[in-house]
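Colleague: If you scroll down you'll find the structure; I have some questions about it.
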Amino acid sequence: MDNDNAIAGDPTALPHLLPPLAEHPATVAEFAALVAGIAEDRSCWQPLVRYDAASRWYHRLRTGPGYEVWLLSWVPGQGSGRHDHGRSSGVCAVLSGALTESAAGRGERVLTPGSMRAFAPGYVHEMVNVSLEPAVSLHVYFPGLTEMRMHPRLAAPGRPVGEEPAPRAALTC
């Protein structure tokens, strides 16, 4: 038989013909695809979920070269506090329930199953379960999460909670 397969053999067996494997996802879209793939595989994460009334529950689900995947649960009323993720970028998705995200200058956004949020290093936000049902979320950080700096909550744009506005001068007629 005179064809390329007969001459070269099985082309998938030849390493120099195969594209090199990526060390890790390289774009936001690839990290989002990783999150979507894990989210779809409920058998991978659902049996691991625990709920803790005292604090948010979290479990490192997976690590890869330079990134890590975390599974979190939130009972009603639990929140993250206002924070950033240091030098890490990330993608988070709600797997069940609903979470409300607040970010300065951006207002609030309710994330429900299928919702995804991507963020860059230094992005400051707060996530809270304001619903009456528990929630589960999935978070991918690149590079792996090494710091989570807390920030004061804002009552109004530019003013930390508890800081009252300066008194106005009394009006006279």
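Simple scheme: letters A, B, ... for chains in structure tokens order, numbers from 1 for residues in each chain, numbers from 1 for ligands in the order shown.
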Select from range 21-96 of chain A every residue with an atom at most 10 Å from any atom of range 130-139 of chain A, then for each give the shortest pair of atoms and their distance in Å to one decimal, using only C-alpha atoms, rows by chain and rising number, as a tab-separated table.
Modeller:
```
residue	atom	partner	partner_atom	distance
A:Val35	CA	A:Leu138	CA	7.2
A:Ala36	CA	A:Leu138	CA	9.5
A:Ile38	CA	A:Leu138	CA	8.5
A:Ala39	CA	A:Leu138	CA	7.6
A:Trp45	CA	A:Leu138	CA	9.3
A:Gln46	CA	A:Val136	CA	9.2
A:Val49	CA	A:Val136	CA	7.8
A:Arg50	CA	A:Val136	CA	9.5
A:Tyr51	CA	A:Pro134	CA	8.0
A:Trp57	CA	A:Val136	CA	9.5
A:Tyr58	CA	A:Ser137	CA	9.5
A:His59	CA	A:Leu138	CA	9.8
A:Arg60	CA	A:His139	CA	9.4
A:Leu61	CA	A:Leu138	CA	9.0
A:Glu68	CA	A:His139	CA	8.2
A:Val69	CA	A:His139	CA	5.6
A:Trp70	CA	A:His139	CA	5.0
A:Leu71	CA	A:Leu138	CA	4.7
A:Leu72	CA	A:Ser137	CA	5.3
A:Ser73	CA	A:Val136	CA	4.4
A:Trp74	CA	A:Ala135	CA	5.1
A:Val75	CA	A:Pro134	CA	4.4
A:Pro76	CA	A:Leu132	CA	5.4
A:Gly77	CA	A:Val130	CA	5.5
A:Gln78	CA	A:Val130	CA	7.8
A:Gly79	CA	A:Val130	CA	8.6
A:Gly90	CA	A:His139	CA	6.9
A:Val91	CA	A:His139	CA	5.8
A:Cys92	CA	A:His139	CA	4.3
A:Ala93	CA	A:Leu138	CA	5.3
A:Val94	CA	A:Ser137	CA	4.3
A:Leu95	CA	A:Ser137	CA	5.2
A:Ser96	CA	A:Val136	CA	5.1
```
Colleague: Can you write just those residues out, N, CA, C and O atoms, as a short mmCIF file (atom, residue, chain, number, x, y, z; two decimals), in the first residue's frame?
Modeller:
```
data_model
loop_
_atom_site.label_atom_id
_atom_site.label_comp_id
_atom_site.auth_asym_id
_atom_site.auth_seq_id
_atom_site.Cartn_x
_atom_site.Cartn_y
_atom_site.Cartn_z
N VAL A 35 -13.14 26.35 34.05
CA VAL A 35 -14.20 26.49 35.05
C VAL A 35 -15.48 25.84 34.55
O VAL A 35 -16.15 25.09 35.27
N ALA A 36 -15.86 26.12 33.29
CA ALA A 36 -17.10 25.56 32.73
C ALA A 36 -17.04 24.04 32.70
O ALA A 36 -18.03 23.37 33.02
N ILE A 38 -15.31 22.01 34.68
CA ILE A 38 -15.44 21.49 36.05
C ILE A 38 -16.88 21.66 36.53
O ILE A 38 -17.45 20.76 37.14
N ALA A 39 -17.48 22.80 36.24
CA ALA A 39 -18.86 23.06 36.67
C ALA A 39 -19.83 22.03 36.09
O ALA A 39 -20.75 21.58 36.77
N TRP A 45 -17.37 17.58 41.88
CA TRP A 45 -17.36 18.52 42.99
C TRP A 45 -18.52 18.37 43.98
O TRP A 45 -18.35 18.62 45.17
N GLN A 46 -19.68 17.95 43.52
CA GLN A 46 -20.86 17.94 44.40
C GLN A 46 -20.70 17.07 45.65
O GLN A 46 -21.08 17.50 46.74
N VAL A 49 -18.90 18.98 48.68
CA VAL A 49 -19.44 20.20 49.28
C VAL A 49 -19.89 19.96 50.71
O VAL A 49 -20.57 18.98 51.01
N ARG A 50 -19.49 20.85 51.58
CA ARG A 50 -19.91 20.86 52.98
C ARG A 50 -20.41 22.27 53.29
O ARG A 50 -19.94 23.24 52.70
N TYR A 51 -21.30 22.38 54.25
CA TYR A 51 -21.79 23.70 54.68
C TYR A 51 -21.42 23.88 56.13
O TYR A 51 -21.57 22.97 56.94
N TRP A 57 -17.01 27.55 53.97
CA TRP A 57 -16.27 26.31 53.78
C TRP A 57 -15.55 26.40 52.45
O TRP A 57 -16.07 26.96 51.48
N TYR A 58 -14.32 25.90 52.39
CA TYR A 58 -13.59 25.90 51.12
C TYR A 58 -12.72 24.66 51.04
O TYR A 58 -12.31 24.08 52.04
N HIS A 59 -12.46 24.25 49.80
CA HIS A 59 -11.69 23.05 49.53
C HIS A 59 -10.89 23.27 48.24
O HIS A 59 -11.48 23.65 47.23
N ARG A 60 -9.59 23.05 48.30
CA ARG A 60 -8.80 23.15 47.07
C ARG A 60 -9.07 21.89 46.26
O ARG A 60 -8.72 20.79 46.64
N LEU A 61 -9.74 22.09 45.13
CA LEU A 61 -10.22 21.00 44.30
C LEU A 61 -9.15 20.46 43.37
O LEU A 61 -9.08 19.26 43.11
N GLU A 68 -4.59 27.21 40.67
CA GLU A 68 -5.31 26.33 41.58
C GLU A 68 -6.80 26.61 41.47
O GLU A 68 -7.21 27.71 41.10
N VAL A 69 -7.59 25.58 41.79
CA VAL A 69 -9.04 25.64 41.70
C VAL A 69 -9.61 25.39 43.09
O VAL A 69 -9.25 24.41 43.74
N TRP A 70 -10.49 26.30 43.53
CA TRP A 70 -11.10 26.21 44.86
C TRP A 70 -12.60 26.06 44.74
O TRP A 70 -13.24 26.72 43.92
N LEU A 71 -13.17 25.24 45.60
CA LEU A 71 -14.61 25.05 45.72
C LEU A 71 -15.02 25.67 47.05
O LEU A 71 -14.40 25.39 48.07
N LEU A 72 -16.04 26.55 47.03
CA LEU A 72 -16.49 27.23 48.26
C LEU A 72 -17.98 27.04 48.44
O LEU A 72 -18.73 26.96 47.46
N SER A 73 -18.41 26.98 49.69
CA SER A 73 -19.85 26.99 49.97
C SER A 73 -20.16 28.17 50.88
O SER A 73 -19.31 28.62 51.66
N TRP A 74 -21.37 28.68 50.74
CA TRP A 74 -21.81 29.87 51.44
C TRP A 74 -23.22 29.62 51.96
O TRP A 74 -24.13 29.42 51.18
N VAL A 75 -23.41 29.63 53.27
CA VAL A 75 -24.77 29.56 53.79
C VAL A 75 -25.34 30.98 53.78
O VAL A 75 -24.58 31.95 53.68
N PRO A 76 -26.66 31.12 53.89
CA PRO A 76 -27.24 32.47 53.88
C PRO A 76 -26.57 33.39 54.90
O PRO A 76 -26.31 33.01 56.04
N GLY A 77 -26.23 34.59 54.44
CA GLY A 77 -25.61 35.59 55.29
C GLY A 77 -24.10 35.59 55.26
O GLY A 77 -23.47 36.56 55.69
N GLN A 78 -23.46 34.53 54.78
CA GLN A 78 -22.00 34.50 54.76
C GLN A 78 -21.46 35.32 53.60
O GLN A 78 -22.04 35.37 52.52
N GLY A 79 -20.32 35.97 53.86
CA GLY A 79 -19.69 36.78 52.84
C GLY A 79 -18.18 36.70 52.95
O GLY A 79 -17.63 36.20 53.93
N GLY A 90 -8.18 35.81 38.19
CA GLY A 90 -9.06 34.68 38.46
C GLY A 90 -10.34 34.70 37.66
O GLY A 90 -10.68 35.67 36.99
N VAL A 91 -11.00 33.57 37.76
CA VAL A 91 -12.35 33.40 37.21
C VAL A 91 -13.15 32.69 38.29
O VAL A 91 -12.68 31.72 38.88
N CYS A 92 -14.34 33.20 38.58
CA CYS A 92 -15.21 32.51 39.52
C CYS A 92 -16.57 32.28 38.86
O CYS A 92 -16.98 33.04 37.99
N ALA A 93 -17.21 31.22 39.29
CA ALA A 93 -18.52 30.86 38.76
C ALA A 93 -19.38 30.36 39.91
O ALA A 93 -18.88 29.72 40.83
N VAL A 94 -20.66 30.65 39.84
CA VAL A 94 -21.61 30.12 40.82
C VAL A 94 -22.12 28.79 40.27
O VAL A 94 -22.55 28.70 39.12
N LEU A 95 -22.05 27.76 41.10
CA LEU A 95 -22.49 26.42 40.70
C LEU A 95 -23.91 26.14 41.15
O LEU A 95 -24.65 25.43 40.48
N SER A 96 -24.28 26.69 42.32
CA SER A 96 -25.66 26.56 42.79
C SER A 96 -25.95 27.72 43.73
O SER A 96 -25.04 28.30 44.31
#
```
Colleague: Please return, as a PyMOL selection string, all residues of range 35-173 of chain A that DSSP assigns to strand (DSSP E or B) on the basis of the backbone.
Modeller: chain A and resi 57-64+67-74+79+83+89-96+99-103+107-111+116-119+125-128+135-142+150+154-156+159-160
Colleague: CA of Glu126 in chain A to CA of Leu111 in chain A: how many Å, to one decimal?
Modeller: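 The value is 12.3 Å.
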